[in-house]
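Some notes on the structure that comes next.
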Amino acid sequence: MSGILDAIGDTPLLPLERLARGLPNPVYVKCEHLNPGGSVKDRLARAIVDDAEARGVLRPHAGMTLIEATAGNTGMGLALVAAARGYALVCVMPEKMSVDKRRALAAMGARVVVTKNAPPSSPDNFQNVARRMAEDEGWFLTEQFDNPVNVEVHAATTGPEILRQLGRAPAAFVSGAGTGGTISGVGRCLKRADPSTRVVLADPVGSGLAGWVATGEMGPDGAYAVEGIGSSKAPANLHRAVIDEAVSISDERSFATARALIREEGMLVGGSAGTNVAAALELAARPELGGPVVTVLCDSWDRYFSQPWLARADF
Ligand code: PMP
């Protein structure tokens, strides 16, 4: 152990003891919320900076600036890496994302730029703003949506950890997609171990990705409140060939499931973990599946304390 970055990964894989009770198949959750930055995105933050340093594009402690378009979690991961390696950090976030995430990033010394909730075609979209600022200022854009390191780190770490912890490939792996790094990388690794593993996208109602998985055309897009997953445009790191099926989950079910994880399982997670677990429970209810379902608890509840689904819960 040499520092906090060595505490990233090797997260627990735990069974859902209460929420999956009585179902024909068990559900296991990969506790990515227990990473030091509180989310699944710590893995890619470290891997993208390691890769750029190995290529000589970034140099630690040389006054360089990282910039990323983020729902907040990649920003938190990058803030850990920036602290450890002496980079400045700018995070560009759409205003939909919680105030708690902005506060946490600012507390870690990052500069936070908030954009409108604009579609990918708009110049005000957070990814377009980040790209423009990187070009204008000569900052390093970590580019989680396009950078293949995002997929590779999950194929090299998260996937093999699941195989080792479960002692076999699961019958199904369920995950939402923001950049697609988690589902594409883990899905590829598990399918290499056992081609019969079913890879299932958990998508918010209102996201166009579920329609895209089913037909190759983006589905209609609408508003939804779950943060960090779903899109009206398929990101380059979301590999359709690895996905067998999509399950759509409403905000209401995502948030009710996240609250149940908190109250009944003691797993202190955010809304997208609720989306994943709601979809995983659907898969586990299919008797013909004949084996365990694995999904991901993407991030921690502490970045949603200001959000109505958590703050107004009656506990
Ligand atoms: N949940 C949350 C809260 C996120 O911020 C993200 C990443 N944007 C994800 C899930 C999805 O992970 P990925 O980018 O690997 O698809």
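Just so we're on the same page: first chain in the structure tokens is A, next is B, and so on; residues restart at 1 for each chain, and ligands are numbered from 1 in the order they show up.
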Please find the residues contacting ligand 1 at a distance of at most 7 Å between atoms, with only C-alpha atoms and all ligand atoms counted, and report them as a list in words.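 Listing the residues within 7 Å of ligand 1 gives Val40, Lys41, Thr70, Ala71, Gly72, Asn73, Thr74, Gly176, Ala177, Gly178, Thr179, Gly180, Gly181, Thr182, Ile183, Glu227, Gly228, Ile229, Gly270, Gly271, Ser272, Ala273, Cys298 and Asp299 of chain A.
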How would the residues just chosen look if you wrote them out with C-alpha atoms as a PDB file, in the first residue's frame?
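Wrote result_27.pdb, looks like this:
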ATOM      1  CA  VAL A  40     -17.259   2.929  -9.848  1.00  0.00           C
ATOM      2  CA  LYS A  41     -15.532   5.819 -11.628  1.00  0.00           C
ATOM      3  CA  THR A  70     -18.806  14.432 -15.657  1.00  0.00           C
ATOM      4  CA  ALA A  71     -22.009  13.556 -13.845  1.00  0.00           C
ATOM      5  CA  GLY A  72     -19.790  14.101 -10.781  1.00  0.00           C
ATOM      6  CA  ASN A  73     -18.383  10.676 -10.007  1.00  0.00           C
ATOM      7  CA  THR A  74     -15.563  10.700 -12.539  1.00  0.00           C
ATOM      8  CA  GLY A 176     -26.780   0.900 -16.503  1.00  0.00           C
ATOM      9  CA  ALA A 177     -24.653   2.910 -18.919  1.00  0.00           C
ATOM     10  CA  GLY A 178     -23.465   6.495 -18.656  1.00  0.00           C
ATOM     11  CA  THR A 179     -20.305   6.233 -20.742  1.00  0.00           C
ATOM     12  CA  GLY A 180     -20.850   2.473 -21.213  1.00  0.00           C
ATOM     13  CA  GLY A 181     -17.419   1.642 -19.763  1.00  0.00           C
ATOM     14  CA  THR A 182     -18.754  -0.643 -17.021  1.00  0.00           C
ATOM     15  CA  ILE A 183     -21.183  -2.722 -19.096  1.00  0.00           C
ATOM     16  CA  GLU A 227     -28.216  10.708 -12.409  1.00  0.00           C
ATOM     17  CA  GLY A 228     -25.259   9.305 -14.320  1.00  0.00           C
ATOM     18  CA  ILE A 229     -26.959   6.780 -16.615  1.00  0.00           C
ATOM     19  CA  GLY A 270     -27.303   6.407  -4.981  1.00  0.00           C
ATOM     20  CA  GLY A 271     -30.186   6.274  -7.477  1.00  0.00           C
ATOM     21  CA  SER A 272     -28.485   4.447 -10.354  1.00  0.00           C
ATOM     22  CA  ALA A 273     -27.727   1.525  -8.016  1.00  0.00           C
ATOM     23  CA  CYS A 298     -22.394   2.498  -8.771  1.00  0.00           C
ATOM     24  CA  ASP A 299     -22.068   5.208  -6.154  1.00  0.00           C
TER      25      ASP A 299
END
DSSP strand (DSSP E or B) residues within range 43-178 of chain A, as a PDB file with C-alpha atoms, in the first residue's frame:
ATOM      1  CA  THR A  65      -4.660  20.761 -15.685  1.00  0.00           C
ATOM      2  CA  LEU A  66      -7.144  17.908 -16.210  1.00  0.00           C
ATOM      3  CA  ILE A  67     -10.648  18.678 -17.465  1.00  0.00           C
ATOM      4  CA  GLU A  68     -13.614  16.310 -17.702  1.00  0.00           C
ATOM      5  CA  ALA A  69     -17.307  16.330 -18.566  1.00  0.00           C
ATOM      6  CA  ALA A  88      -5.288  20.975 -11.222  1.00  0.00           C
ATOM      7  CA  LEU A  89      -8.823  19.778 -12.076  1.00  0.00           C
ATOM      8  CA  VAL A  90     -11.806  21.358 -13.866  1.00  0.00           C
ATOM      9  CA  CYS A  91     -15.148  19.483 -13.860  1.00  0.00           C
ATOM     10  CA  VAL A  92     -17.929  20.417 -16.292  1.00  0.00           C
ATOM     11  CA  MET A  93     -21.313  19.212 -15.010  1.00  0.00           C
ATOM     12  CA  PRO A  94     -24.896  19.614 -16.274  1.00  0.00           C
ATOM     13  CA  ARG A 111     -13.089  24.105 -10.252  1.00  0.00           C
ATOM     14  CA  VAL A 112     -16.707  23.285 -11.120  1.00  0.00           C
ATOM     15  CA  VAL A 113     -18.359  24.634 -14.280  1.00  0.00           C
ATOM     16  CA  VAL A 114     -22.137  24.074 -14.416  1.00  0.00           C
ATOM     17  CA  THR A 115     -23.860  23.923 -17.831  1.00  0.00           C
ATOM     18  CA  PHE A 140      -5.912  17.497 -20.865  1.00  0.00           C
ATOM     19  CA  LEU A 141      -9.433  16.210 -21.583  1.00  0.00           C
ATOM     20  CA  ALA A 172     -26.630 -12.576 -16.065  1.00  0.00           C
ATOM     21  CA  PHE A 173     -24.766  -9.287 -15.566  1.00  0.00           C
ATOM     22  CA  VAL A 174     -26.915  -6.156 -15.282  1.00  0.00           C
ATOM     23  CA  SER A 175     -25.663  -2.558 -15.517  1.00  0.00           C
TER      24      SER A 175
END
Can you tell me, as a list in words, what residues are no more than 9 Å from Glu265 in chain A when counting only C-alpha atoms, ignoring any on the same chain fewer than 5 positions away?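 Skipping anything fewer than 5 positions along the chain leaves Leu16, Glu17, Arg18, Leu19 and Ala260 of chain A.
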Given the selection you just returned, output its residues as a file containing C-alpha atoms, formatted as a PDB file, in the first residue's frame.
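Result saved to part26.pdb:
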ATOM      1  CA  LEU A  16     -28.789  -9.328  -1.498  1.00  0.00           C
ATOM      2  CA  GLU A  17     -30.102 -11.156   1.550  1.00  0.00           C
ATOM      3  CA  ARG A  18     -33.469  -9.456   1.880  1.00  0.00           C
ATOM      4  CA  LEU A  19     -34.478  -7.845  -1.433  1.00  0.00           C
ATOM      5  CA  ALA A 260     -34.801  -0.283   0.054  1.00  0.00           C
TER       6      ALA A 260
END
So how far away is CA of Asn125 in chain A from CA of Gly187 in chain A, in Å?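 That distance, rounded to one decimal, is 28.7 Å.
Nearest to Val149 in chain A of all the residues A:Leu166, A:Val226, A:Val49, A:Val199 is A:Val49, counting only C-alpha atoms.
Closest to Ala79 in chain A among A:Asp10, A:Leu5, A:Gln144, A:Leu34 is A:Leu5, based on only C-alpha atoms.
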Near Asp100 in chain A, within 12 Å and counting only C-alpha atoms, which residues show up once chain neighbours fewer than 4 positions away are dropped, as a list in words?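 Close residues of Asp100 in chain A: Ala71, Gly72, Asn73, Met76, Glu95, Lys96, Ala104, Leu105, Ala106, Ala107, Gly270, Ser300, Trp301, Asp302, Arg303, Tyr304, Phe305, Ser306, Gln307 and Ala311 of chain A.
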For CA of Gly75 in chain A and CA of Gly109 in chain A, the interatomic separation in Å (one decimal):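 Result for CA of Gly75 in chain A versus CA of Gly109 in chain A: 11.0 Å, one decimal.
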Give me, please, the distance in Å between CA of Ala223 in chain A and CA of Leu209 in chain A, quoted to one decimal.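 Between CA of Ala223 in chain A and CA of Leu209 in chain A the gap works out to 13.3 Å.
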Which residues are near Thr11 in chain A? Cut-off 7 Å, only C-alpha atoms, ignore same chain within fewer than 2 positions. Put them as a ChimeraX atom specification. /A:9,13,30-32,34-35
Neighbour list for Glu282 in chain A as a list of chain:residue names, cut-off 12 Å, only C-alpha atoms, skip fewer than 3 positions in-chain: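 Non-adjacent residues within range: A:Leu19, A:Ala20, A:Leu23, A:Pro24, A:Asn25, A:Pro26, A:Val27, A:Ala172, A:Val174, A:Val200, A:Ala202, A:Ala246, A:Val247, A:Ser248, A:Ile249, A:Arg253, A:Thr275, A:Asn276, A:Val277, A:Ala278, A:Ala279, A:Ala285, A:Arg286, A:Pro287, A:Leu289, A:Val293, A:Thr295.
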What parts of range 75-249 of chain A does DSSP call helix (DSSP H, G or I)? I'd like the answer as number ranges by chain. A: 75-85, 99-107, 126-137, 149-166, 181-193, 209-215, 240-242
Output C-alpha atoms for every residue in the selection just made, as a PDB file, in the first residue's frame.
ATOM      1  CA  GLY A  75     -14.784  14.154 -11.182  1.00  0.00           C
ATOM      2  CA  MET A  76     -14.470  12.752  -7.649  1.00  0.00           C
ATOM      3  CA  GLY A  77     -12.165   9.979  -8.875  1.00  0.00           C
ATOM      4  CA  LEU A  78     -10.072  12.484 -10.827  1.00  0.00           C
ATOM      5  CA  ALA A  79      -9.926  14.748  -7.750  1.00  0.00           C
ATOM      6  CA  LEU A  80      -8.263  11.896  -5.821  1.00  0.00           C
ATOM      7  CA  VAL A  81      -5.771  11.326  -8.637  1.00  0.00           C
ATOM      8  CA  ALA A  82      -5.183  15.082  -9.027  1.00  0.00           C
ATOM      9  CA  ALA A  83      -4.443  15.386  -5.300  1.00  0.00           C
ATOM     10  CA  ALA A  84      -2.029  12.448  -5.317  1.00  0.00           C
ATOM     11  CA  ARG A  85      -0.201  13.462  -8.504  1.00  0.00           C
ATOM     12  CA  VAL A  99     -25.552  20.241  -5.564  1.00  0.00           C
ATOM     13  CA  ASP A 100     -23.941  17.758  -3.161  1.00  0.00           C
ATOM     14  CA  LYS A 101     -21.616  16.587  -5.952  1.00  0.00           C
ATOM     15  CA  ARG A 102     -20.643  20.188  -6.798  1.00  0.00           C
ATOM     16  CA  ARG A 103     -19.895  20.856  -3.125  1.00  0.00           C
ATOM     17  CA  ALA A 104     -17.815  17.700  -2.764  1.00  0.00           C
ATOM     18  CA  LEU A 105     -15.756  18.533  -5.864  1.00  0.00           C
ATOM     19  CA  ALA A 106     -15.217  22.108  -4.723  1.00  0.00           C
ATOM     20  CA  ALA A 107     -14.194  20.819  -1.268  1.00  0.00           C
ATOM     21  CA  PHE A 126     -21.537  19.647 -20.936  1.00  0.00           C
ATOM     22  CA  GLN A 127     -19.378  17.442 -23.172  1.00  0.00           C
ATOM     23  CA  ASN A 128     -19.139  20.143 -25.863  1.00  0.00           C
ATOM     24  CA  VAL A 129     -18.304  22.830 -23.281  1.00  0.00           C
ATOM     25  CA  ALA A 130     -15.526  20.644 -21.810  1.00  0.00           C
ATOM     26  CA  ARG A 131     -14.096  19.915 -25.277  1.00  0.00           C
ATOM     27  CA  ARG A 132     -14.055  23.627 -26.153  1.00  0.00           C
ATOM     28  CA  MET A 133     -12.413  24.651 -22.872  1.00  0.00           C
ATOM     29  CA  ALA A 134      -9.757  21.917 -23.265  1.00  0.00           C
ATOM     30  CA  GLU A 135      -8.909  23.150 -26.760  1.00  0.00           C
ATOM     31  CA  ASP A 136      -8.888  26.847 -25.817  1.00  0.00           C
ATOM     32  CA  GLU A 137      -6.759  26.379 -22.680  1.00  0.00           C
ATOM     33  CA  VAL A 149      -9.057   2.933 -21.397  1.00  0.00           C
ATOM     34  CA  ASN A 150     -12.487   3.273 -19.731  1.00  0.00           C
ATOM     35  CA  VAL A 151     -13.674  -0.056 -21.197  1.00  0.00           C
ATOM     36  CA  GLU A 152     -10.299  -1.768 -20.766  1.00  0.00           C
ATOM     37  CA  VAL A 153      -9.994  -1.026 -17.041  1.00  0.00           C
ATOM     38  CA  HIS A 154     -13.322  -2.776 -16.377  1.00  0.00           C
ATOM     39  CA  ALA A 155     -12.351  -5.736 -18.608  1.00  0.00           C
ATOM     40  CA  ALA A 156      -9.028  -5.973 -16.741  1.00  0.00           C
ATOM     41  CA  THR A 157     -10.179  -5.396 -13.134  1.00  0.00           C
ATOM     42  CA  THR A 158     -13.950  -5.318 -12.388  1.00  0.00           C
ATOM     43  CA  GLY A 159     -14.763  -8.333 -14.602  1.00  0.00           C
ATOM     44  CA  PRO A 160     -11.969 -10.627 -13.328  1.00  0.00           C
ATOM     45  CA  GLU A 161     -12.791  -9.656  -9.707  1.00  0.00           C
ATOM     46  CA  ILE A 162     -16.413 -10.803 -10.245  1.00  0.00           C
ATOM     47  CA  LEU A 163     -15.286 -14.131 -11.761  1.00  0.00           C
ATOM     48  CA  ARG A 164     -12.916 -14.722  -8.844  1.00  0.00           C
ATOM     49  CA  GLN A 165     -15.376 -13.670  -6.131  1.00  0.00           C
ATOM     50  CA  LEU A 166     -18.313 -15.644  -7.546  1.00  0.00           C
ATOM     51  CA  GLY A 181     -17.419   1.642 -19.763  1.00  0.00           C
ATOM     52  CA  THR A 182     -18.754  -0.643 -17.021  1.00  0.00           C
ATOM     53  CA  ILE A 183     -21.183  -2.722 -19.096  1.00  0.00           C
ATOM     54  CA  SER A 184     -18.912  -2.954 -22.169  1.00  0.00           C
ATOM     55  CA  GLY A 185     -15.761  -3.915 -20.248  1.00  0.00           C
ATOM     56  CA  VAL A 186     -17.292  -6.235 -17.645  1.00  0.00           C
ATOM     57  CA  GLY A 187     -19.691  -7.709 -20.234  1.00  0.00           C
ATOM     58  CA  ARG A 188     -16.844  -8.569 -22.605  1.00  0.00           C
ATOM     59  CA  CYS A 189     -14.765 -10.171 -19.834  1.00  0.00           C
ATOM     60  CA  LEU A 190     -17.653 -12.294 -18.513  1.00  0.00           C
ATOM     61  CA  LYS A 191     -18.701 -13.435 -21.997  1.00  0.00           C
ATOM     62  CA  ARG A 192     -15.124 -14.514 -22.725  1.00  0.00           C
ATOM     63  CA  ALA A 193     -15.276 -16.655 -19.574  1.00  0.00           C
ATOM     64  CA  LEU A 209     -30.476   3.663 -25.048  1.00  0.00           C
ATOM     65  CA  ALA A 210     -32.945   0.806 -24.408  1.00  0.00           C
ATOM     66  CA  GLY A 211     -34.524   1.374 -27.842  1.00  0.00           C
ATOM     67  CA  TRP A 212     -31.057   1.501 -29.393  1.00  0.00           C
ATOM     68  CA  VAL A 213     -30.133  -1.866 -27.857  1.00  0.00           C
ATOM     69  CA  ALA A 214     -33.371  -3.392 -29.195  1.00  0.00           C
ATOM     70  CA  THR A 215     -33.399  -1.911 -32.721  1.00  0.00           C
ATOM     71  CA  ARG A 240     -23.949  -2.792 -28.520  1.00  0.00           C
ATOM     72  CA  ALA A 241     -22.561  -6.181 -29.645  1.00  0.00           C
ATOM     73  CA  VAL A 242     -21.932  -7.226 -26.021  1.00  0.00           C
TER      74      VAL A 242
END
